[in-house]
>>> print(open('input.pdb').read())   # PDB, C-alpha atoms and all ligand atoms
ATOM      1  CA  MET A   1      72.713 115.741 100.873
ATOM      2  CA  LEU A   2      72.707 118.487  98.294
ATOM      3  CA  ALA A   3      74.929 118.825  95.297
ATOM      4  CA  PRO A   4      77.093 121.977  95.147
ATOM      5  CA  GLU A   5      74.749 123.361  92.511
ATOM      6  CA  ALA A   6      71.760 122.957  94.772
ATOM      7  CA  LYS A   7      71.049 125.911  97.017
ATOM      8  CA  SER A   8      68.863 126.425 100.018
ATOM      9  CA  SER A   9      66.028 128.805  99.113
ATOM     10  CA  GLU A  10      66.082 130.310 102.617
ATOM     11  CA  LYS A  11      69.493 131.866 102.104
ATOM     12  CA  THR A  12      70.251 135.193 100.480
ATOM     13  CA  PRO A  13      72.220 134.279  97.373
ATOM     14  CA  GLU A  14      74.773 137.145  97.682
ATOM     15  CA  LYS A  15      75.722 136.141 101.224
ATOM     16  CA  SER A  16      75.517 132.396 100.929
ATOM     17  CA  PRO A  17      78.820 130.568 101.033
ATOM     18  CA  GLY A  18      77.053 128.020  98.848
ATOM     19  CA  ALA A  19      76.586 130.662  96.184
ATOM     20  CA  GLU A  20      80.257 131.586  96.326
ATOM     21  CA  GLN A  21      81.225 127.957  95.990
ATOM     22  CA  GLN A  22      78.814 127.536  93.166
ATOM     23  CA  ALA A  23      80.389 130.451  91.297
ATOM     24  CA  ALA A  24      83.903 129.145  91.862
ATOM     25  CA  ARG A  25      82.995 125.628  90.895
ATOM     26  CA  LYS A  26      81.564 126.726  87.566
ATOM     27  CA  LYS A  27      85.138 126.880  86.380
ATOM     28  CA  LEU A  28      85.741 123.233  87.325
ATOM     29  CA  ASP A  29      82.633 121.167  86.855
ATOM     30  CA  SER A  30      84.053 118.029  85.337
ATOM     31  CA  VAL A  31      86.407 115.247  86.336
ATOM     32  CA  THR A  32      88.567 112.719  84.531
ATOM     33  CA  LEU A  33      88.705 109.298  86.188
ATOM     34  CA  ILE A  34      92.075 107.624  85.714
ATOM     35  CA  TYR A  35      92.077 103.987  86.828
ATOM     36  CA  VAL A  36      95.484 102.520  87.682
ATOM     37  CA  PRO A  37      95.347  98.854  88.784
ATOM     38  CA  LEU A  38      98.953  99.028  89.922
ATOM     39  CA  HIS A  39     100.181  96.384  92.337
ATOM     40  CA  LEU A  40     103.898  96.429  91.537
ATOM     41  CA  GLY A  41     104.764  98.898  94.309
ATOM     42  CA  GLY A  42     103.821  96.511  97.118
ATOM     43  CA  SER A  43     103.613  92.845  97.860
ATOM     44  CA  HIS A  44      99.818  92.679  97.992
ATOM     45  CA  ARG A  45      98.151  91.571  94.797
ATOM     46  CA  GLY A  46      94.640  92.585  95.810
ATOM     47  CA  VAL A  47      95.222  96.307  95.201
ATOM     48  CA  SER A  48      95.024  95.696  91.469
ATOM     49  CA  MET A  49      91.274  95.138  91.992
ATOM     50  CA  GLY A  50      90.806  98.640  93.444
ATOM     51  CA  PRO A  51      89.540 100.311  90.258
ATOM     52  CA  ALA A  52      87.000  97.540  89.630
ATOM     53  CA  ALA A  53      85.692  97.823  93.197
ATOM     54  CA  MET A  54      85.291 101.591  92.814
ATOM     55  CA  ARG A  55      83.255 101.065  89.666
ATOM     56  CA  VAL A  56      81.113  98.489  91.494
ATOM     57  CA  ALA A  57      80.607 101.124  94.218
ATOM     58  CA  GLU A  58      79.214 103.452  91.503
ATOM     59  CA  LEU A  59      81.978 106.031  91.464
ATOM     60  CA  PRO A  60      81.146 107.604  88.083
ATOM     61  CA  GLU A  61      77.393 107.612  88.708
ATOM     62  CA  SER A  62      77.850 109.157  92.168
ATOM     63  CA  ILE A  63      80.023 111.933  90.781
ATOM     64  CA  GLU A  64      77.433 112.723  88.134
ATOM     65  CA  ARG A  65      74.656 112.738  90.738
ATOM     66  CA  LEU A  66      76.667 115.377  92.596
ATOM     67  CA  GLY A  67      76.415 117.557  89.518
ATOM     68  CA  PHE A  68      79.806 117.003  87.936
ATOM     69  CA  LYS A  69      80.388 115.717  84.452
ATOM     70  CA  VAL A  70      82.643 112.696  84.067
ATOM     71  CA  ALA A  71      84.518 113.943  81.023
ATOM     72  CA  ASP A  72      86.513 110.777  80.506
ATOM     73  CA  GLU A  73      87.389 107.432  82.077
ATOM     74  CA  ILE A  74      90.883 106.192  81.320
ATOM     75  CA  ASP A  75      92.269 102.743  82.110
ATOM     76  CA  ILE A  76      96.049 102.753  82.439
ATOM     77  CA  GLN A  77      97.646  99.484  81.370
ATOM     78  CA  VAL A  78      99.757  97.808  84.039
ATOM     79  CA  PRO A  79     101.980  94.825  83.196
ATOM     80  CA  TYR A  80     101.102  91.796  85.271
ATOM     81  CA  SER A  81     104.668  91.157  86.280
ATOM     82  CA  VAL A  82     106.050  89.079  89.109
ATOM     83  CA  CYS A  83     109.080  91.355  89.402
ATOM     84  CA  TRP A  84     108.165  92.044  93.031
ATOM     85  CA  TRP A  85     109.191  88.521  93.894
ATOM     86  CA  ASP A  86     112.773  89.631  93.402
ATOM     87  CA  GLN A  87     113.752  89.898  97.051
ATOM     88  CA  HIS A  88     117.225  91.211  96.333
ATOM     89  CA  SER A  89     116.406  94.504  94.683
ATOM     90  CA  PRO A  90     116.606  97.660  96.826
ATOM     91  CA  ALA A  91     113.731  99.042  94.737
ATOM     92  CA  LYS A  92     111.536  96.459  93.035
ATOM     93  CA  CYS A  93     109.933  96.768  89.610
ATOM     94  CA  VAL A  94     111.382 100.202  88.869
ATOM     95  CA  PRO A  95     111.316  99.901  85.042
ATOM     96  CA  GLU A  96     107.686  98.724  85.087
ATOM     97  CA  ILE A  97     106.599 101.377  87.606
ATOM     98  CA  GLY A  98     108.491 103.985  85.585
ATOM     99  CA  GLN A  99     106.523 103.099  82.460
ATOM    100  CA  VAL A 100     103.193 103.207  84.301
ATOM    101  CA  SER A 101     104.224 106.521  85.897
ATOM    102  CA  GLU A 102     104.865 108.096  82.494
ATOM    103  CA  ASP A 103     101.427 107.031  81.307
ATOM    104  CA  VAL A 104      99.747 108.286  84.491
ATOM    105  CA  ALA A 105     101.631 111.594  84.314
ATOM    106  CA  ALA A 106     100.527 112.163  80.730
ATOM    107  CA  ALA A 107      96.888 111.345  81.546
ATOM    108  CA  VAL A 108      96.826 113.594  84.629
ATOM    109  CA  GLU A 109      98.436 116.556  82.899
ATOM    110  CA  ALA A 110      96.112 116.212  79.887
ATOM    111  CA  ALA A 111      93.072 116.068  82.180
ATOM    112  CA  MET A 112      94.139 119.266  83.958
ATOM    113  CA  THR A 113      94.936 121.016  80.688
ATOM    114  CA  LYS A 114      91.390 120.246  79.520
ATOM    115  CA  GLY A 115      90.064 121.976  82.623
ATOM    116  CA  THR A 116      88.935 118.825  84.410
ATOM    117  CA  ILE A 117      89.873 117.496  87.838
ATOM    118  CA  PRO A 118      91.917 114.300  87.447
ATOM    119  CA  ILE A 119      90.989 111.654  90.025
ATOM    120  CA  THR A 120      93.524 108.849  89.945
ATOM    121  CA  ILE A 121      92.197 105.593  91.403
ATOM    122  CA  GLY A 122      94.604 102.939  92.690
ATOM    123  CA  GLY A 123      96.226 100.681  92.819
ATOM    124  CA  ASP A 124      99.087 101.109  95.217
ATOM    125  CA  HIS A 125     100.567 104.437  96.261
ATOM    126  CA  SER A 126     103.511 104.227  93.866
ATOM    127  CA  LEU A 127     101.084 105.574  91.242
ATOM    128  CA  ALA A 128     101.516 108.985  92.901
ATOM    129  CA  ILE A 129     104.986 109.159  91.343
ATOM    130  CA  GLY A 130     103.179 109.522  88.026
ATOM    131  CA  SER A 131     100.212 111.629  89.111
ATOM    132  CA  ILE A 132     102.425 114.120  90.936
ATOM    133  CA  ALA A 133     104.764 114.318  87.942
ATOM    134  CA  GLY A 134     101.759 115.171  85.756
ATOM    135  CA  VAL A 135     100.471 117.768  88.230
ATOM    136  CA  SER A 136     103.961 119.244  88.545
ATOM    137  CA  ASN A 137     104.341 119.546  84.782
ATOM    138  CA  TYR A 138     100.990 121.312  84.526
ATOM    139  CA  TYR A 139     101.923 124.022  87.025
ATOM    140  CA  ARG A 140     105.522 124.245  85.799
ATOM    141  CA  LYS A 141     104.342 125.247  82.321
ATOM    142  CA  ARG A 142     102.206 127.951  83.892
ATOM    143  CA  ASN A 143     104.838 129.052  86.367
ATOM    144  CA  GLU A 144     102.369 128.614  89.243
ATOM    145  CA  ASN A 145     102.848 127.403  92.812
ATOM    146  CA  TRP A 146     100.933 124.446  94.146
ATOM    147  CA  GLY A 147     100.765 122.413  97.321
ATOM    148  CA  LEU A 148     100.750 118.705  98.129
ATOM    149  CA  MET A 149      98.575 117.171 100.875
ATOM    150  CA  TRP A 150      99.641 113.601 101.570
ATOM    151  CA  PHE A 151      97.248 111.625 103.807
ATOM    152  CA  ASP A 152      98.793 108.390 105.048
ATOM    153  CA  ALA A 153      99.363 106.115 108.030
ATOM    154  CA  HIS A 154     102.923 105.741 106.769
ATOM    155  CA  GLY A 155     105.647 108.155 105.746
ATOM    156  CA  ASP A 156     106.058 106.829 102.181
ATOM    157  CA  ILE A 157     109.369 108.648 102.228
ATOM    158  CA  ASN A 158     111.759 105.703 102.118
ATOM    159  CA  THR A 159     114.611 105.539  99.642
ATOM    160  CA  PRO A 160     116.095 102.346  98.157
ATOM    161  CA  GLU A 161     118.825 102.683 100.799
ATOM    162  CA  SER A 162     116.473 103.067 103.767
ATOM    163  CA  SER A 163     113.734 100.650 102.684
ATOM    164  CA  GLY A 164     113.692  97.231 104.273
ATOM    165  CA  SER A 165     111.331  95.728 101.701
ATOM    166  CA  GLY A 166     112.314  97.427  98.430
ATOM    167  CA  ASN A 167     108.605  98.108  97.858
ATOM    168  CA  VAL A 168     108.249 101.324  95.866
ATOM    169  CA  HIS A 169     104.832 102.115  97.417
ATOM    170  CA  GLY A 170     106.851 103.097 100.506
ATOM    171  CA  MET A 171     108.876 105.597  98.458
ATOM    172  CA  PRO A 172     106.628 107.824  96.310
ATOM    173  CA  LEU A 173     106.835 110.932  98.498
ATOM    174  CA  ALA A 174     110.642 110.672  98.571
ATOM    175  CA  VAL A 175     110.710 110.248  94.780
ATOM    176  CA  SER A 176     108.477 113.295  94.277
ATOM    177  CA  LEU A 177     110.810 115.307  96.503
ATOM    178  CA  GLY A 178     113.747 114.219  94.324
ATOM    179  CA  ARG A 179     115.170 111.446  96.492
ATOM    180  CA  GLY A 180     115.583 107.877  95.367
ATOM    181  CA  ASP A 181     116.097 105.876  92.197
ATOM    182  CA  LYS A 182     117.041 108.269  89.378
ATOM    183  CA  ARG A 183     114.906 106.352  86.883
ATOM    184  CA  LEU A 184     111.906 107.543  88.906
ATOM    185  CA  THR A 185     113.038 110.929  90.239
ATOM    186  CA  GLU A 186     114.079 112.047  86.735
ATOM    187  CA  LEU A 187     110.736 111.190  85.154
ATOM    188  CA  LEU A 188     109.871 113.899  82.565
ATOM    189  CA  GLY A 189     113.464 115.113  82.761
ATOM    190  CA  TYR A 190     113.522 117.176  85.954
ATOM    191  CA  SER A 191     113.536 116.846  89.718
ATOM    192  CA  PRO A 192     112.131 117.477  92.274
ATOM    193  CA  LYS A 193     108.483 117.454  91.252
ATOM    194  CA  VAL A 194     107.285 119.156  94.421
ATOM    195  CA  LEU A 195     108.991 121.400  96.942
ATOM    196  CA  PRO A 196     109.214 120.174 100.545
ATOM    197  CA  ASN A 197     108.043 123.516 101.921
ATOM    198  CA  ARG A 198     104.804 123.065  99.976
ATOM    199  CA  SER A 199     104.285 119.452 101.077
ATOM    200  CA  VAL A 200     102.316 118.271 104.087
ATOM    201  CA  LEU A 201     102.077 114.777 105.523
ATOM    202  CA  ILE A 202      98.922 114.136 107.582
ATOM    203  CA  GLY A 203      97.878 111.230 109.808
ATOM    204  CA  ILE A 204     101.182 109.363 110.050
ATOM    205  CA  ARG A 205     101.556 106.852 112.873
ATOM    206  CA  ASP A 206     103.658 104.000 111.475
ATOM    207  CA  VAL A 207     107.002 105.474 110.440
ATOM    208  CA  ASP A 208     110.271 103.580 109.896
ATOM    209  CA  PRO A 209     113.239 104.953 111.897
ATOM    210  CA  PRO A 210     115.153 106.093 108.768
ATOM    211  CA  GLU A 211     111.972 107.820 107.570
ATOM    212  CA  ARG A 212     111.900 109.877 110.774
ATOM    213  CA  GLU A 213     115.274 111.307 109.867
ATOM    214  CA  LEU A 214     114.220 111.962 106.287
ATOM    215  CA  ILE A 215     111.040 113.733 107.389
ATOM    216  CA  ASP A 216     113.116 115.808 109.768
ATOM    217  CA  GLN A 217     115.799 116.687 107.201
ATOM    218  CA  CYS A 218     113.821 117.215 104.041
ATOM    219  CA  GLY A 219     111.548 120.033 105.184
ATOM    220  CA  VAL A 220     108.052 118.628 104.646
ATOM    221  CA  THR A 221     105.520 119.582 107.298
ATOM    222  CA  PRO A 222     104.338 116.512 109.220
ATOM    223  CA  PHE A 223     101.131 116.251 111.265
ATOM    224  CA  THR A 224     101.167 112.971 113.136
ATOM    225  CA  ILE A 225      98.126 111.239 114.584
ATOM    226  CA  ARG A 226      99.300 112.590 117.946
ATOM    227  CA  ASP A 227      98.993 116.150 116.611
ATOM    228  CA  ILE A 228      95.488 115.296 115.440
ATOM    229  CA  ASP A 229      94.572 113.840 118.859
ATOM    230  CA  HIS A 230      95.887 116.977 120.496
ATOM    231  CA  LEU A 231      94.606 119.717 118.198
ATOM    232  CA  GLY A 232      91.724 118.072 116.383
ATOM    233  CA  LEU A 233      91.673 117.325 112.688
ATOM    234  CA  GLY A 234      89.837 120.557 111.839
ATOM    235  CA  ARG A 235      92.627 122.684 113.280
ATOM    236  CA  VAL A 236      95.300 120.435 111.761
ATOM    237  CA  THR A 237      93.702 120.759 108.330
ATOM    238  CA  ASP A 238      93.697 124.558 108.662
ATOM    239  CA  LEU A 239      97.366 124.498 109.682
ATOM    240  CA  ALA A 240      98.151 122.157 106.804
ATOM    241  CA  LEU A 241      96.503 124.562 104.367
ATOM    242  CA  GLY A 242      98.677 127.344 105.720
ATOM    243  CA  ALA A 243     101.802 125.179 105.474
ATOM    244  CA  CYS A 244     101.175 124.358 101.812
ATOM    245  CA  GLY A 245     101.609 127.999 100.933
ATOM    246  CA  SER A 246      98.828 130.529 100.929
ATOM    247  CA  ASP A 247      99.959 131.641  97.459
ATOM    248  CA  SER A 248      99.401 128.202  95.950
ATOM    249  CA  THR A 249      97.120 128.145  92.940
ATOM    250  CA  GLY A 250      95.980 124.625  93.648
ATOM    251  CA  LEU A 251      96.328 121.570  95.817
ATOM    252  CA  HIS A 252      97.020 117.964  94.965
ATOM    253  CA  VAL A 253      95.462 115.575  97.481
ATOM    254  CA  SER A 254      97.121 112.162  97.641
ATOM    255  CA  PHE A 255      94.859 110.140  99.915
ATOM    256  CA  ASP A 256      96.008 106.728 101.115
ATOM    257  CA  ILE A 257      92.945 104.957 102.490
ATOM    258  CA  ASP A 258      95.107 103.417 105.227
ATOM    259  CA  VAL A 259      95.105 106.823 106.951
ATOM    260  CA  ILE A 260      91.618 105.779 108.109
ATOM    261  CA  ASP A 261      91.273 103.381 111.021
ATOM    262  CA  PRO A 262      91.062  99.753 109.844
ATOM    263  CA  ASP A 263      87.846  99.323 111.864
ATOM    264  CA  VAL A 264      86.248 101.824 109.459
ATOM    265  CA  ALA A 265      88.248 100.979 106.322
ATOM    266  CA  PRO A 266      89.334  97.331 106.456
ATOM    267  CA  GLY A 267      89.968  97.016 102.728
ATOM    268  CA  VAL A 268      93.602  98.102 102.651
ATOM    269  CA  SER A 269      96.919  96.249 102.336
ATOM    270  CA  THR A 270      98.839  97.722 105.240
ATOM    271  CA  PRO A 271      96.414  98.560 108.068
ATOM    272  CA  ALA A 272      97.637 100.554 111.075
ATOM    273  CA  ARG A 273      95.462 100.971 114.166
ATOM    274  CA  GLY A 274      94.596 104.380 115.521
ATOM    275  CA  GLY A 275      93.606 106.122 112.311
ATOM    276  CA  PHE A 276      90.952 108.648 111.292
ATOM    277  CA  ASN A 277      87.434 107.779 112.279
ATOM    278  CA  TYR A 278      84.580 108.010 109.787
ATOM    279  CA  ARG A 279      83.716 111.638 110.471
ATOM    280  CA  GLU A 280      87.330 112.790 110.567
ATOM    281  CA  SER A 281      87.907 111.264 107.145
ATOM    282  CA  HIS A 282      85.077 113.339 105.724
ATOM    283  CA  LEU A 283      85.970 116.461 107.699
ATOM    284  CA  ALA A 284      89.504 116.708 106.343
ATOM    285  CA  LEU A 285      88.372 116.488 102.733
ATOM    286  CA  THR A 286      85.318 118.701 103.265
ATOM    287  CA  LEU A 287      87.510 121.455 104.717
ATOM    288  CA  LEU A 288      89.959 121.158 101.842
ATOM    289  CA  ALA A 289      87.053 121.311  99.391
ATOM    290  CA  GLU A 290      85.822 124.474 101.103
ATOM    291  CA  SER A 291      89.228 126.044 100.492
ATOM    292  CA  GLN A 292      88.380 125.640  96.780
ATOM    293  CA  LEU A 293      92.003 124.745  96.143
ATOM    294  CA  ILE A 294      91.675 121.033  95.318
ATOM    295  CA  ARG A 295      92.692 120.651  91.688
ATOM    296  CA  SER A 296      93.705 116.973  91.500
ATOM    297  CA  ILE A 297      93.210 113.858  93.639
ATOM    298  CA  ASP A 298      94.642 110.361  94.158
ATOM    299  CA  ILE A 299      92.737 107.692  96.102
ATOM    300  CA  VAL A 300      95.011 104.723  96.663
ATOM    301  CA  GLU A 301      95.682 101.423  98.409
ATOM    302  CA  LEU A 302      92.125 100.113  98.335
ATOM    303  CA  ASN A 303      92.502  96.331  98.582
ATOM    304  CA  PRO A 304      89.180  94.575  97.873
ATOM    305  CA  ALA A 305      90.731  91.223  98.861
ATOM    306  CA  ASN A 306      90.733  92.480 102.460
ATOM    307  CA  ASP A 307      87.445  94.377 102.302
ATOM    308  CA  ILE A 308      84.085  93.515 103.836
ATOM    309  CA  LYS A 309      81.211  93.679 101.324
ATOM    310  CA  ASN A 310      82.979  96.458  99.389
ATOM    311  CA  SER A 311      82.430  98.821 102.342
ATOM    312  CA  THR A 312      85.852 100.470 101.985
ATOM    313  CA  ALA A 313      85.275 101.131  98.288
ATOM    314  CA  LYS A 314      81.898 102.700  99.147
ATOM    315  CA  LEU A 315      83.607 104.884 101.744
ATOM    316  CA  ALA A 316      86.262 105.862  99.206
ATOM    317  CA  VAL A 317      83.516 106.951  96.801
ATOM    318  CA  GLU A 318      81.926 109.040  99.576
ATOM    319  CA  LEU A 319      85.283 110.638 100.326
ATOM    320  CA  ILE A 320      85.754 111.614  96.703
ATOM    321  CA  LEU A 321      82.342 113.301  96.832
ATOM    322  CA  SER A 322      83.392 115.212  99.950
ATOM    323  CA  SER A 323      86.595 116.308  98.256
ATOM    324  CA  LEU A 324      84.507 117.566  95.323
ATOM    325  CA  GLY A 325      82.499 119.699  97.687
ATOM    326  CA  GLN A 326      79.476 117.622  98.672
ATOM    327  CA  ARG A 327      77.767 119.501 101.480
ATOM    328  CA  ILE A 328      75.220 118.603 104.117
ATOM    329  CA  LEU A 329      73.315 121.886 103.649
TER     330      LEU A 329
HETATM  331 MN    MN M   1     100.827 105.479 101.174
END
>>> encode(input="input.pdb", output="structure tokens")
Amino acid sequence: MLAPEAKSSEKTPEKSPGAEQQAARKKLDSVTLIYVPLHLGGSHRGVSMGPAAMRVAELPESIERLGFKVADEIDIQVPYSVCWWDQHSPAKCVPEIGQVSEDVAAAVEAAMTKGTIPITIGGDHSLAIGSIAGVSNYYRKRNENWGLMWFDAHGDINTPESSGSGNVHGMPLAVSLGRGDKRLTELLGYSPKVLPNRSVLIGIRDVDPPERELIDQCGVTPFTIRDIDHLGLGRVTDLALGACGSDSTGLHVSFDIDVIDPDVAPGVSTPARGGFNYRESHLALTLLAESQLIRSIDIVELNPANDIKNSTAKLAVELILSSLGQRIL
């Protein structure tokens, strides 16, 4: 495969979409890797090993081979707390997750301000509370619109009231939309972080009954796995881009690896059958990359304790390359 900078000599440069992409990408040719070994949002300890597995799978080297500079690698400190054993809390570990979220938000916003693409590596999906807060603050200061693409098998839109488990990794979308524990929704002093009419949920197939109501009420645009079966993921991705607002300056992609079928990506904490196949996983991110709107990325819920020979981490690295614009020709 060719890096975005590489160009087929057979093509006329003025007409080549590759040339256009190359010109656009000149503005954003570096990434900041933000590693967040956060496990406090779920009850699966293995997710804290996600960042290490991504390094073993040569994430930084692969990004540099694609032609991007890795401007910085940041390791966010996560307390190794057993607060998630507290079965009686409607939302577990909120103070600890709040602290991590502040640190993640600051790192993500700083990375964007420096003109790099922040790629936040999980860790469980509750880290998106922080990354989305950082992204939101970046655009808020510039008075610009942006869209959120949330890939997931699950809704992640529970509130402390609706959640059966109290696990915050089932709540980050709700928190970002301004619903849930105030200590999280009010991070950085304002709420919501993202508008529902600029938020899209793609690939869902395992949704709690109260989440159905919330999805229906709150105004996000959902594309279930049934929609993908019916329309195809290419068409769904195009529709999702339209739903995020054609006047958005940029897109945040929050990609939960459990959106992929567990046969292809076994290394997750909460597998759900019937997910994206290998090619669909790449297609969605390739199409988003072609829109040239991706400005920030989360890759979450990799659980090396459930993986087979680090294959899911290797796939996650490939998917990051696709989201950065890796092309076949
Ligand atoms: Mn998720």
>>> closest_atom_pairs(input="input.pdb", of="chain A", to="ligand MN 1 (chain M)", cutoff="7 Å", atoms="only C-alpha atoms and all ligand atoms", output="tab-separated table")
residue	atom	partner	partner_atom	distance
A:His125	CA	M:MN1	MN	5.0
A:Asp152	CA	M:MN1	MN	5.3
A:His154	CA	M:MN1	MN	6.0
A:Asp156	CA	M:MN1	MN	5.5
A:His169	CA	M:MN1	MN	6.4
A:Gly170	CA	M:MN1	MN	6.5
A:Asp256	CA	M:MN1	MN	5.0
>>> closest_residue(input="input.pdb", among="A:Met149, A:Leu315, A:Val259, A:Leu187", to="Ile294 in chain A", atoms="all atoms listed in the file")
A:Met149
>>> axis_aligned_box(input="input.pdb", around="range 58-61 of chain A", padding_each_side="5 Å", output="AutoDock Vina command-line options")
--center_x 79.7 --center_y 105.5 --center_z 89.8 --size_x 14.6 --size_y 14.2 --size_z 13.4
>>> residues_around(input="input.pdb", residues="Leu233 in chain A", least_positions_apart="5", cutoff="9 Å", atoms="all atoms listed in the file", output="PyMOL selection string")
chain A and resi 227-228+238+276+280+283-284
>>> resolve_selection(input="input.pdb", expression="the PyMOL selection byres (((chain A and resi 209) around 12) and not hetatm)", output="PyMOL selection string")
chain A and resi 154-155+157-158+162-164+205-208+210-216
>>> resolve_selection(input="input.pdb", expression="the PyMOL selection byres (((chain A and resi 193) around 6) and not hetatm)", output="VMD selection string")
chain A and resid 133 136 176 191 to 192 194
>>> atom_distance(input="input.pdb", atom1="CA of Pro90 in chain A", atom2="CA of Glu161 in chain A")
6.8 Å
>>> residues_around(input="input.pdb", residues="Arg226 in chain A", least_positions_apart="6", cutoff="10 Å", atoms="only C-alpha atoms", output="ChimeraX atom specification")
/A:203-205,232,274
>>> residues_around(input="input.pdb", residues="Thr113 in chain A", least_positions_apart="5", cutoff="12 Å", atoms="all atoms listed in the file", output="PyMOL selection string")
chain A and resi 28+31-32+106-108+118+134-135+137-139+141-142+295-296
>>> atom_distance(input="input.pdb", atom1="CA of Ala71 in chain A", atom2="CA of Ala316 in chain A")
20.0 Å
>>> residues_around(input="input.pdb", residues="Ile257 in chain A", least_positions_apart="2", cutoff="7 Å", atoms="only C-alpha atoms", output="number ranges by chain")
A: 255, 259-260, 268, 299-302
>>> closest_residue(input="input.pdb", among="A:Ala174, A:Ala52, A:Leu324, A:Ile297", to="Ser30 in chain A", atoms="all atoms listed in the file")
A:Leu324
>>> atom_distance(input="input.pdb", atom1="CA of Val78 in chain A", atom2="CA of Leu33 in chain A")
16.1 Å
>>> build_atoms(input="input.pdb", residues="range 234-247 of chain A", atoms="N, CA, C and O atoms", output="PDB file, in the frame of the given file")
ATOM      1  N   GLY A 234      90.232 119.296 112.469  1.00  0.00           N
ATOM      2  CA  GLY A 234      89.837 120.557 111.839  1.00  0.00           C
ATOM      3  C   GLY A 234      90.967 121.570 111.901  1.00  0.00           C
ATOM      4  O   GLY A 234      91.350 122.173 110.887  1.00  0.00           O
ATOM      5  N   ARG A 235      91.521 121.729 113.101  1.00  0.00           N
ATOM      6  CA  ARG A 235      92.627 122.684 113.280  1.00  0.00           C
ATOM      7  C   ARG A 235      93.857 122.243 112.476  1.00  0.00           C
ATOM      8  O   ARG A 235      94.515 123.064 111.832  1.00  0.00           O
ATOM      9  N   VAL A 236      94.137 120.942 112.504  1.00  0.00           N
ATOM     10  CA  VAL A 236      95.300 120.435 111.761  1.00  0.00           C
ATOM     11  C   VAL A 236      95.130 120.703 110.262  1.00  0.00           C
ATOM     12  O   VAL A 236      96.082 121.094 109.575  1.00  0.00           O
ATOM     13  N   THR A 237      93.925 120.512 109.758  1.00  0.00           N
ATOM     14  CA  THR A 237      93.702 120.759 108.330  1.00  0.00           C
ATOM     15  C   THR A 237      93.913 122.239 108.003  1.00  0.00           C
ATOM     16  O   THR A 237      94.525 122.580 106.982  1.00  0.00           O
ATOM     17  N   ASP A 238      93.458 123.122 108.874  1.00  0.00           N
ATOM     18  CA  ASP A 238      93.697 124.558 108.662  1.00  0.00           C
ATOM     19  C   ASP A 238      95.188 124.854 108.653  1.00  0.00           C
ATOM     20  O   ASP A 238      95.686 125.596 107.796  1.00  0.00           O
ATOM     21  N   LEU A 239      95.920 124.284 109.621  1.00  0.00           N
ATOM     22  CA  LEU A 239      97.366 124.498 109.682  1.00  0.00           C
ATOM     23  C   LEU A 239      98.047 123.940 108.431  1.00  0.00           C
ATOM     24  O   LEU A 239      98.971 124.547 107.884  1.00  0.00           O
ATOM     25  N   ALA A 240      97.564 122.788 107.996  1.00  0.00           N
ATOM     26  CA  ALA A 240      98.151 122.157 106.804  1.00  0.00           C
ATOM     27  C   ALA A 240      97.949 123.046 105.578  1.00  0.00           C
ATOM     28  O   ALA A 240      98.848 123.199 104.753  1.00  0.00           O
ATOM     29  N   LEU A 241      96.764 123.654 105.493  1.00  0.00           N
ATOM     30  CA  LEU A 241      96.503 124.562 104.367  1.00  0.00           C
ATOM     31  C   LEU A 241      97.466 125.749 104.406  1.00  0.00           C
ATOM     32  O   LEU A 241      97.985 126.174 103.374  1.00  0.00           O
ATOM     33  N   GLY A 242      97.716 126.247 105.592  1.00  0.00           N
ATOM     34  CA  GLY A 242      98.677 127.344 105.720  1.00  0.00           C
ATOM     35  C   GLY A 242     100.079 126.902 105.323  1.00  0.00           C
ATOM     36  O   GLY A 242     100.811 127.615 104.637  1.00  0.00           O
ATOM     37  N   ALA A 243     100.441 125.673 105.728  1.00  0.00           N
ATOM     38  CA  ALA A 243     101.802 125.179 105.474  1.00  0.00           C
ATOM     39  C   ALA A 243     102.054 124.909 103.994  1.00  0.00           C
ATOM     40  O   ALA A 243     103.194 124.927 103.548  1.00  0.00           O
ATOM     41  N   CYS A 244     101.007 124.641 103.243  1.00  0.00           N
ATOM     42  CA  CYS A 244     101.175 124.358 101.812  1.00  0.00           C
ATOM     43  C   CYS A 244     101.426 125.615 101.003  1.00  0.00           C
ATOM     44  O   CYS A 244     101.636 125.546  99.796  1.00  0.00           O
ATOM     45  N   GLY A 245     101.353 126.757 101.650  1.00  0.00           N
ATOM     46  CA  GLY A 245     101.609 127.999 100.933  1.00  0.00           C
ATOM     47  C   GLY A 245     100.314 128.683 100.575  1.00  0.00           C
ATOM     48  O   GLY A 245      99.547 128.180  99.765  1.00  0.00           O
ATOM     49  N   SER A 246     100.087 129.838 101.181  1.00  0.00           N
ATOM     50  CA  SER A 246      98.828 130.529 100.929  1.00  0.00           C
ATOM     51  C   SER A 246      98.791 131.084  99.501  1.00  0.00           C
ATOM     52  O   SER A 246      97.732 131.425  99.003  1.00  0.00           O
ATOM     53  N   ASP A 247      99.958 131.139  98.840  1.00  0.00           N
ATOM     54  CA  ASP A 247      99.959 131.641  97.459  1.00  0.00           C
ATOM     55  C   ASP A 247      99.896 130.508  96.438  1.00  0.00           C
ATOM     56  O   ASP A 247     100.159 130.712  95.263  1.00  0.00           O
TER      57      ASP A 247
END
